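Visitor: Contents of work.txt (compact mmCIF, N, CA, C and O atoms):
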```txt
# COMPACT_ATOMS: atom_id res chain seq x y z
N MET V 19 80.52 134.97 91.95
CA MET V 19 81.06 133.90 92.76
C MET V 19 80.89 132.57 92.02
O MET V 19 79.83 132.27 91.49
N GLN V 20 81.96 131.78 91.99
CA GLN V 20 81.93 130.50 91.29
C GLN V 20 81.38 129.40 92.18
O GLN V 20 81.54 129.42 93.40
N ALA V 21 80.74 128.45 91.54
CA ALA V 21 80.24 127.29 92.27
C ALA V 21 81.41 126.42 92.68
O ALA V 21 82.45 126.40 92.02
N PRO V 22 81.29 125.68 93.79
CA PRO V 22 82.38 124.80 94.21
C PRO V 22 82.64 123.73 93.15
O PRO V 22 81.72 123.26 92.49
N VAL V 23 83.91 123.40 93.01
CA VAL V 23 84.31 122.42 92.00
C VAL V 23 84.14 121.02 92.55
O VAL V 23 84.58 120.71 93.65
N GLN V 24 83.49 120.17 91.77
CA GLN V 24 83.29 118.77 92.16
C GLN V 24 84.48 117.96 91.69
O GLN V 24 84.75 117.89 90.50
N GLN V 25 85.20 117.35 92.62
CA GLN V 25 86.34 116.51 92.26
C GLN V 25 85.84 115.15 91.80
O GLN V 25 84.89 114.61 92.34
N LYS V 26 86.54 114.61 90.82
CA LYS V 26 86.21 113.29 90.28
C LYS V 26 87.08 112.24 90.98
O LYS V 26 88.16 112.53 91.48
N SER V 27 86.61 111.01 90.99
CA SER V 27 87.31 109.92 91.64
C SER V 27 88.34 109.28 90.72
O SER V 27 88.03 108.91 89.58
N LYS V 28 89.56 109.16 91.22
CA LYS V 28 90.63 108.50 90.47
C LYS V 28 90.29 107.03 90.24
O LYS V 28 90.48 106.50 89.14
N LEU V 29 89.77 106.36 91.26
CA LEU V 29 89.41 104.95 91.15
C LEU V 29 88.31 104.74 90.12
O LEU V 29 88.39 103.85 89.27
N ALA V 30 87.28 105.58 90.16
CA ALA V 30 86.17 105.46 89.21
C ALA V 30 86.67 105.68 87.78
O ALA V 30 86.33 104.91 86.87
N ALA V 31 87.48 106.71 87.57
CA ALA V 31 87.99 107.00 86.23
C ALA V 31 88.86 105.86 85.71
O ALA V 31 88.75 105.46 84.55
N GLY V 32 89.72 105.33 86.57
CA GLY V 32 90.59 104.23 86.15
C GLY V 32 89.81 102.98 85.80
O GLY V 32 90.08 102.33 84.79
N LEU V 33 88.85 102.63 86.64
CA LEU V 33 88.04 101.43 86.37
C LEU V 33 87.16 101.61 85.13
O LEU V 33 86.98 100.66 84.36
N LEU V 34 86.64 102.80 84.93
CA LEU V 34 85.85 103.05 83.71
C LEU V 34 86.72 102.90 82.48
O LEU V 34 86.30 102.35 81.46
N GLY V 35 87.98 103.35 82.56
CA GLY V 35 88.90 103.20 81.45
C GLY V 35 89.20 101.75 81.15
O GLY V 35 89.23 101.33 79.99
N ILE V 36 89.42 100.97 82.20
CA ILE V 36 89.75 99.56 82.02
C ILE V 36 88.55 98.77 81.52
O ILE V 36 88.67 97.95 80.61
N LEU V 37 87.39 99.01 82.10
CA LEU V 37 86.21 98.21 81.78
C LEU V 37 85.41 98.71 80.57
O LEU V 37 84.87 97.90 79.82
N LEU V 38 85.31 100.02 80.40
CA LEU V 38 84.48 100.59 79.34
C LEU V 38 85.25 101.54 78.44
O LEU V 38 84.66 102.40 77.77
N GLY V 39 86.56 101.40 78.41
CA GLY V 39 87.40 102.29 77.62
C GLY V 39 87.13 102.23 76.14
O GLY V 39 87.39 103.19 75.41
N THR V 40 86.61 101.13 75.66
CA THR V 40 86.26 100.99 74.24
C THR V 40 85.32 102.10 73.79
O THR V 40 85.40 102.57 72.66
N PHE V 41 84.46 102.54 74.68
CA PHE V 41 83.47 103.57 74.37
C PHE V 41 83.86 104.95 74.88
O PHE V 41 83.08 105.89 74.78
N GLY V 42 85.05 105.08 75.47
CA GLY V 42 85.52 106.38 75.96
C GLY V 42 84.81 106.89 77.19
O GLY V 42 84.86 108.08 77.48
N VAL V 43 84.18 106.01 77.94
CA VAL V 43 83.38 106.43 79.09
C VAL V 43 84.23 107.19 80.11
O VAL V 43 83.78 108.20 80.67
N HIS V 44 85.45 106.74 80.34
CA HIS V 44 86.32 107.41 81.32
C HIS V 44 86.65 108.84 80.88
O HIS V 44 86.75 109.74 81.70
N ASN V 45 86.81 109.05 79.58
CA ASN V 45 87.09 110.40 79.10
C ASN V 45 85.86 111.30 79.18
O ASN V 45 85.99 112.49 79.47
N PHE V 46 84.67 110.75 78.93
CA PHE V 46 83.45 111.53 79.16
C PHE V 46 83.36 111.92 80.63
O PHE V 46 83.05 113.06 80.96
N TYR V 47 83.64 110.98 81.52
CA TYR V 47 83.59 111.22 82.97
C TYR V 47 84.54 112.34 83.37
O TYR V 47 84.20 113.19 84.20
N LEU V 48 85.74 112.35 82.80
CA LEU V 48 86.74 113.35 83.17
C LEU V 48 86.61 114.66 82.40
O LEU V 48 87.31 115.63 82.69
N GLY V 49 85.71 114.72 81.42
CA GLY V 49 85.48 115.95 80.68
C GLY V 49 86.27 116.09 79.40
O GLY V 49 86.24 117.13 78.75
N TYR V 50 86.99 115.05 79.00
CA TYR V 50 87.76 115.07 77.75
C TYR V 50 86.85 114.56 76.62
O TYR V 50 87.02 113.46 76.11
N THR V 51 85.90 115.39 76.22
CA THR V 51 84.89 114.93 75.28
C THR V 51 85.45 114.65 73.88
O THR V 51 84.95 113.77 73.19
N GLY V 52 86.47 115.38 73.46
CA GLY V 52 87.06 115.14 72.14
C GLY V 52 87.64 113.74 72.04
O GLY V 52 87.38 113.01 71.07
N LYS V 53 88.44 113.35 73.03
CA LYS V 53 89.01 112.00 73.05
C LYS V 53 87.92 110.95 73.20
O LYS V 53 87.98 109.89 72.58
N ALA V 54 86.92 111.25 74.01
CA ALA V 54 85.83 110.29 74.23
C ALA V 54 85.05 110.03 72.94
O ALA V 54 84.76 108.87 72.61
N VAL V 55 84.74 111.08 72.22
CA VAL V 55 84.00 110.93 70.97
C VAL V 55 84.85 110.15 69.96
O VAL V 55 84.33 109.31 69.22
N ALA V 56 86.15 110.41 69.93
CA ALA V 56 87.04 109.68 69.01
C ALA V 56 87.01 108.19 69.32
O ALA V 56 86.88 107.36 68.40
N GLN V 57 87.11 107.82 70.60
CA GLN V 57 87.08 106.41 70.96
C GLN V 57 85.74 105.78 70.61
O GLN V 57 85.68 104.66 70.10
N LEU V 58 84.67 106.49 70.88
CA LEU V 58 83.34 105.98 70.58
C LEU V 58 83.15 105.80 69.07
O LEU V 58 82.65 104.76 68.62
N LEU V 59 83.58 106.78 68.30
CA LEU V 59 83.41 106.69 66.85
C LEU V 59 84.27 105.59 66.23
O LEU V 59 83.83 104.92 65.29
N ILE V 60 85.47 105.39 66.76
CA ILE V 60 86.32 104.29 66.25
C ILE V 60 85.59 102.97 66.42
O ILE V 60 85.57 102.13 65.52
N SER V 61 84.98 102.78 67.57
CA SER V 61 84.28 101.52 67.84
C SER V 61 82.99 101.38 67.03
O SER V 61 82.72 100.32 66.47
N VAL V 62 82.21 102.44 66.96
CA VAL V 62 80.90 102.36 66.33
C VAL V 62 80.98 102.38 64.81
O VAL V 62 80.37 101.55 64.13
N LEU V 63 81.74 103.33 64.26
CA LEU V 63 81.78 103.47 62.81
C LEU V 63 82.50 102.32 62.11
O LEU V 63 82.26 102.07 60.93
N SER V 64 83.36 101.62 62.84
CA SER V 64 84.03 100.46 62.23
C SER V 64 83.21 99.19 62.43
O SER V 64 83.69 98.10 62.12
N LEU V 65 82.00 99.35 62.95
CA LEU V 65 81.11 98.22 63.25
C LEU V 65 81.76 97.21 64.18
O LEU V 65 81.52 96.01 64.11
N GLY V 66 82.63 97.71 65.06
CA GLY V 66 83.28 96.86 66.05
C GLY V 66 84.59 96.25 65.61
O GLY V 66 85.31 95.69 66.42
N PHE V 67 84.93 96.35 64.32
CA PHE V 67 86.17 95.74 63.84
C PHE V 67 87.41 96.40 64.42
O PHE V 67 88.44 95.76 64.58
N LEU V 68 87.34 97.68 64.72
CA LEU V 68 88.48 98.39 65.31
C LEU V 68 88.27 98.68 66.80
O LEU V 68 89.01 99.46 67.37
N ALA V 69 87.29 98.04 67.39
CA ALA V 69 87.01 98.27 68.81
C ALA V 69 88.20 97.88 69.69
O ALA V 69 88.42 98.47 70.73
N PHE V 70 89.01 96.91 69.23
CA PHE V 70 90.16 96.50 70.03
C PHE V 70 91.16 97.66 70.17
O PHE V 70 91.86 97.75 71.17
N VAL V 71 91.22 98.55 69.17
CA VAL V 71 92.11 99.71 69.25
C VAL V 71 91.67 100.61 70.40
O VAL V 71 92.49 101.02 71.24
N SER V 72 90.39 100.91 70.46
CA SER V 72 89.86 101.73 71.55
C SER V 72 89.96 101.01 72.88
O SER V 72 90.17 101.64 73.91
N ALA V 73 89.80 99.69 72.87
CA ALA V 73 89.89 98.92 74.11
C ALA V 73 91.30 98.98 74.69
O ALA V 73 91.47 99.19 75.90
N ILE V 74 92.30 98.84 73.84
CA ILE V 74 93.69 98.92 74.31
C ILE V 74 93.98 100.34 74.78
O ILE V 74 94.62 100.54 75.82
N TRP V 75 93.52 101.33 74.02
CA TRP V 75 93.68 102.73 74.39
C TRP V 75 93.06 102.98 75.77
O TRP V 75 93.69 103.58 76.64
N GLY V 76 91.84 102.52 75.99
CA GLY V 76 91.17 102.70 77.28
C GLY V 76 91.86 101.96 78.41
O GLY V 76 91.98 102.48 79.52
N LEU V 77 92.34 100.75 78.14
CA LEU V 77 93.05 99.96 79.15
C LEU V 77 94.31 100.69 79.60
O LEU V 77 94.57 100.84 80.81
N ILE V 78 95.08 101.18 78.65
CA ILE V 78 96.32 101.90 78.99
C ILE V 78 96.01 103.17 79.76
O ILE V 78 96.65 103.45 80.78
N GLU V 79 95.03 103.95 79.30
CA GLU V 79 94.68 105.17 80.01
C GLU V 79 94.15 104.87 81.41
O GLU V 79 94.45 105.59 82.36
N GLY V 80 93.35 103.81 81.55
CA GLY V 80 92.84 103.44 82.87
C GLY V 80 93.95 103.11 83.84
O GLY V 80 93.96 103.55 85.00
N ILE V 81 94.94 102.35 83.38
CA ILE V 81 96.09 102.02 84.23
C ILE V 81 96.89 103.27 84.56
O ILE V 81 97.30 103.47 85.72
N LEU V 82 97.11 104.13 83.57
CA LEU V 82 97.85 105.37 83.81
C LEU V 82 97.14 106.26 84.83
O LEU V 82 97.80 106.89 85.66
N ILE V 83 95.84 106.31 84.77
CA ILE V 83 95.07 107.10 85.75
C ILE V 83 95.25 106.52 87.15
O ILE V 83 95.48 107.25 88.11
N LEU V 84 95.17 105.20 87.27
CA LEU V 84 95.26 104.57 88.59
C LEU V 84 96.65 104.72 89.22
O LEU V 84 96.76 104.81 90.44
N VAL V 85 97.70 104.74 88.42
CA VAL V 85 99.06 104.83 88.98
C VAL V 85 99.63 106.24 88.94
O VAL V 85 100.77 106.45 89.36
N ALA V 86 98.87 107.21 88.45
CA ALA V 86 99.36 108.58 88.31
C ALA V 86 99.69 109.20 89.65
O ALA V 86 98.95 109.06 90.62
N GLN V 87 100.82 109.88 89.70
CA GLN V 87 101.22 110.63 90.88
C GLN V 87 100.59 112.02 90.82
O GLN V 87 100.35 112.55 89.73
N PRO V 88 100.32 112.63 91.97
CA PRO V 88 99.75 113.98 91.98
C PRO V 88 100.64 114.95 91.19
O PRO V 88 101.86 114.90 91.26
N GLY V 89 99.99 115.80 90.40
CA GLY V 89 100.71 116.78 89.61
C GLY V 89 101.04 116.33 88.20
O GLY V 89 101.57 117.11 87.41
N THR V 90 100.73 115.09 87.86
CA THR V 90 101.00 114.60 86.51
C THR V 90 99.76 114.75 85.64
O THR V 90 98.66 115.02 86.13
N ALA V 91 99.93 114.55 84.34
CA ALA V 91 98.85 114.77 83.38
C ALA V 91 97.64 113.88 83.63
O ALA V 91 96.50 114.30 83.41
N HIS V 92 97.84 112.65 84.06
CA HIS V 92 96.72 111.73 84.26
C HIS V 92 96.10 111.81 85.66
O HIS V 92 95.23 111.02 86.00
N SER V 93 96.55 112.78 86.47
CA SER V 93 96.01 112.90 87.82
C SER V 93 95.00 114.04 87.95
O SER V 93 94.59 114.37 89.06
N VAL V 94 94.62 114.65 86.82
CA VAL V 94 93.67 115.76 86.83
C VAL V 94 92.59 115.53 85.78
O VAL V 94 92.78 114.77 84.84
N ASP V 95 91.45 116.23 85.96
CA ASP V 95 90.40 116.14 84.95
C ASP V 95 90.63 117.20 83.87
O ASP V 95 91.67 117.87 83.87
N ALA V 96 89.69 117.37 82.97
CA ALA V 96 89.85 118.30 81.85
C ALA V 96 89.97 119.75 82.30
O ALA V 96 90.56 120.57 81.61
N ARG V 97 89.43 120.09 83.47
CA ARG V 97 89.52 121.46 83.99
C ARG V 97 90.76 121.69 84.84
O ARG V 97 90.94 122.77 85.37
N GLY V 98 91.57 120.65 85.01
CA GLY V 98 92.79 120.76 85.82
C GLY V 98 92.57 120.52 87.29
O GLY V 98 93.47 120.74 88.10
N VAL V 99 91.38 120.04 87.66
CA VAL V 99 91.07 119.74 89.06
C VAL V 99 91.66 118.38 89.40
O VAL V 99 91.40 117.39 88.70
N PRO V 100 92.44 118.28 90.48
CA PRO V 100 93.03 116.99 90.85
C PRO V 100 91.96 115.95 91.17
O PRO V 100 90.91 116.26 91.73
N LEU V 101 92.25 114.70 90.80
CA LEU V 101 91.35 113.59 91.10
C LEU V 101 91.50 113.18 92.56
O LEU V 101 92.60 113.27 93.12
N THR V 102 90.41 112.75 93.18
CA THR V 102 90.47 112.30 94.56
C THR V 102 90.97 110.86 94.61
O THR V 102 90.81 110.11 93.66
N GLN V 103 91.56 110.51 95.71
CA GLN V 103 92.05 109.14 95.90
C GLN V 103 90.86 108.26 96.12
O GLN V 103 90.61 107.28 95.72
```
Could the structure of this file be written out as structure tokens, please?
Guide:
Amino acid sequence: MQAPVQQKSKLAAGLLGILLGTFGVHNFYLGYTGKAVAQLLISVLSLGFLAFVSAIWGLIEGILILVAQPGTAHSVDARGVPLTQ
């Protein structure tokens, strides 16, 4: 028997993307660890010089998460579980 699936918050994921997207926090939250590590490494390994790239990436993903309609790519977590409103 499988454990019940914990749904993630759409609002939390979107705000994490907008506010902390430079470090990939929203992707860690949603379970997309590959993308999250990439964002974190871009910021850290460039000593912050390329952090604006990750910041823009996080801002766009945060907005896409907040406006995503049910059934679209940005409305689910890494396991395919829909985000809660």
Visitor: List the neighbours of segment 24-26 of chain V out to 12 Å using only C-alpha atoms; skip same-chain residues closer than 3 positions along the sequence, and give me the result as a list of chain:residue names.
Guide: V:Gln20, V:Ala21, V:Leu29, V:Ala30, V:Ala31, V:Gly32, V:His44, V:Asn45, V:Phe46, V:Tyr47, V:Leu48, V:Gly49, V:Ile83, V:Ser93, V:Val94, V:Asp95, V:Ala96, V:Arg97, V:Gly98, V:Val99, V:Pro100, V:Leu101, V:Thr102, V:Gln103
Visitor: Please, which residues in segment 28-58 of chain V fall within 8 Å of segment 62-82 of chain V when counting all atoms listed in the file, and what is the closest atom pair and distance in Å to one decimal for each, ordered by chain then residue number, as JSON lines?
Guide:
```
{"residue": "V:Lys28", "atom": "O", "partner": "V:Gly80", "partner_atom": "O", "distance": 6.2}
{"residue": "V:Leu29", "atom": "O", "partner": "V:Gly80", "partner_atom": "O", "distance": 7.0}
{"residue": "V:Ala30", "atom": "O", "partner": "V:Gly80", "partner_atom": "CA", "distance": 7.8}
{"residue": "V:Ala31", "atom": "O", "partner": "V:Gly80", "partner_atom": "CA", "distance": 4.9}
{"residue": "V:Gly32", "atom": "O", "partner": "V:Gly80", "partner_atom": "CA", "distance": 3.5}
{"residue": "V:Leu33", "atom": "N", "partner": "V:Gly80", "partner_atom": "O", "distance": 5.4}
{"residue": "V:Leu34", "atom": "O", "partner": "V:Gly76", "partner_atom": "O", "distance": 6.0}
{"residue": "V:Gly35", "atom": "O", "partner": "V:Gly76", "partner_atom": "O", "distance": 3.0}
{"residue": "V:Ile36", "atom": "N", "partner": "V:Gly76", "partner_atom": "O", "distance": 4.0}
{"residue": "V:Leu37", "atom": "N", "partner": "V:Gly76", "partner_atom": "O", "distance": 6.3}
{"residue": "V:Leu38", "atom": "C", "partner": "V:Gly76", "partner_atom": "CA", "distance": 6.1}
{"residue": "V:Gly39", "atom": "O", "partner": "V:Ser72", "partner_atom": "O", "distance": 3.5}
{"residue": "V:Thr40", "atom": "CA", "partner": "V:Ser72", "partner_atom": "C", "distance": 3.9}
{"residue": "V:Phe41", "atom": "N", "partner": "V:Ser72", "partner_atom": "O", "distance": 5.8}
{"residue": "V:Gly42", "atom": "N", "partner": "V:Ser72", "partner_atom": "O", "distance": 6.4}
{"residue": "V:Val43", "atom": "N", "partner": "V:Gly76", "partner_atom": "CA", "distance": 7.8}
{"residue": "V:His44", "atom": "N", "partner": "V:Gly76", "partner_atom": "CA", "distance": 7.6}
{"residue": "V:Val55", "atom": "O", "partner": "V:Val62", "partner_atom": "N", "distance": 7.5}
{"residue": "V:Ala56", "atom": "O", "partner": "V:Val62", "partner_atom": "N", "distance": 6.9}
{"residue": "V:Gln57", "atom": "O", "partner": "V:Val62", "partner_atom": "N", "distance": 5.2}
{"residue": "V:Leu58", "atom": "O", "partner": "V:Val62", "partner_atom": "N", "distance": 2.9}
```
Visitor: Please compute the atom N of Ile60 of chain V-atom O of Val85 of chain V distance, one decimal, in Å.
Guide: 27.3 Å
Visitor: With all atoms of segment 46-63 of chain V from the file as input, state the centre and edge lengths in Å to one decimal of the axis-aligned box that has 8 Å extra on each side, as AutoDock Vina command-line options.
Guide:
```
--center_x 84.7 --center_y 108.7 --center_z 72.6 --size_x 24.6 --size_y 32.8 --size_z 39.3
```
Visitor: At what distance in Å, to one decimal, does atom CA of Tyr50 of chain V lie from atom O of His92 of chain V?
Guide: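 Between atom O of His92 of chain V and atom CA of Tyr50 of chain V the gap works out to 11.8 Å.
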Visitor: Which parts of chain V does DSSP call strand (DSSP E or B) when run on the backbone here, written out as a list of chain:residue names?
Guide: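 Taking chain V and keeping strand (DSSP E or B) gives V:Ser27, V:Val94, V:Pro100, V:Thr102.
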Visitor: Go through chain V and collect every residue that DSSP, computed from the backbone, puts in helix (DSSP H, G or I); the answer should be as an MDAnalysis selection string.
Guide: chainID V and resid 28:41 43:48 51:63 69:85 91:93
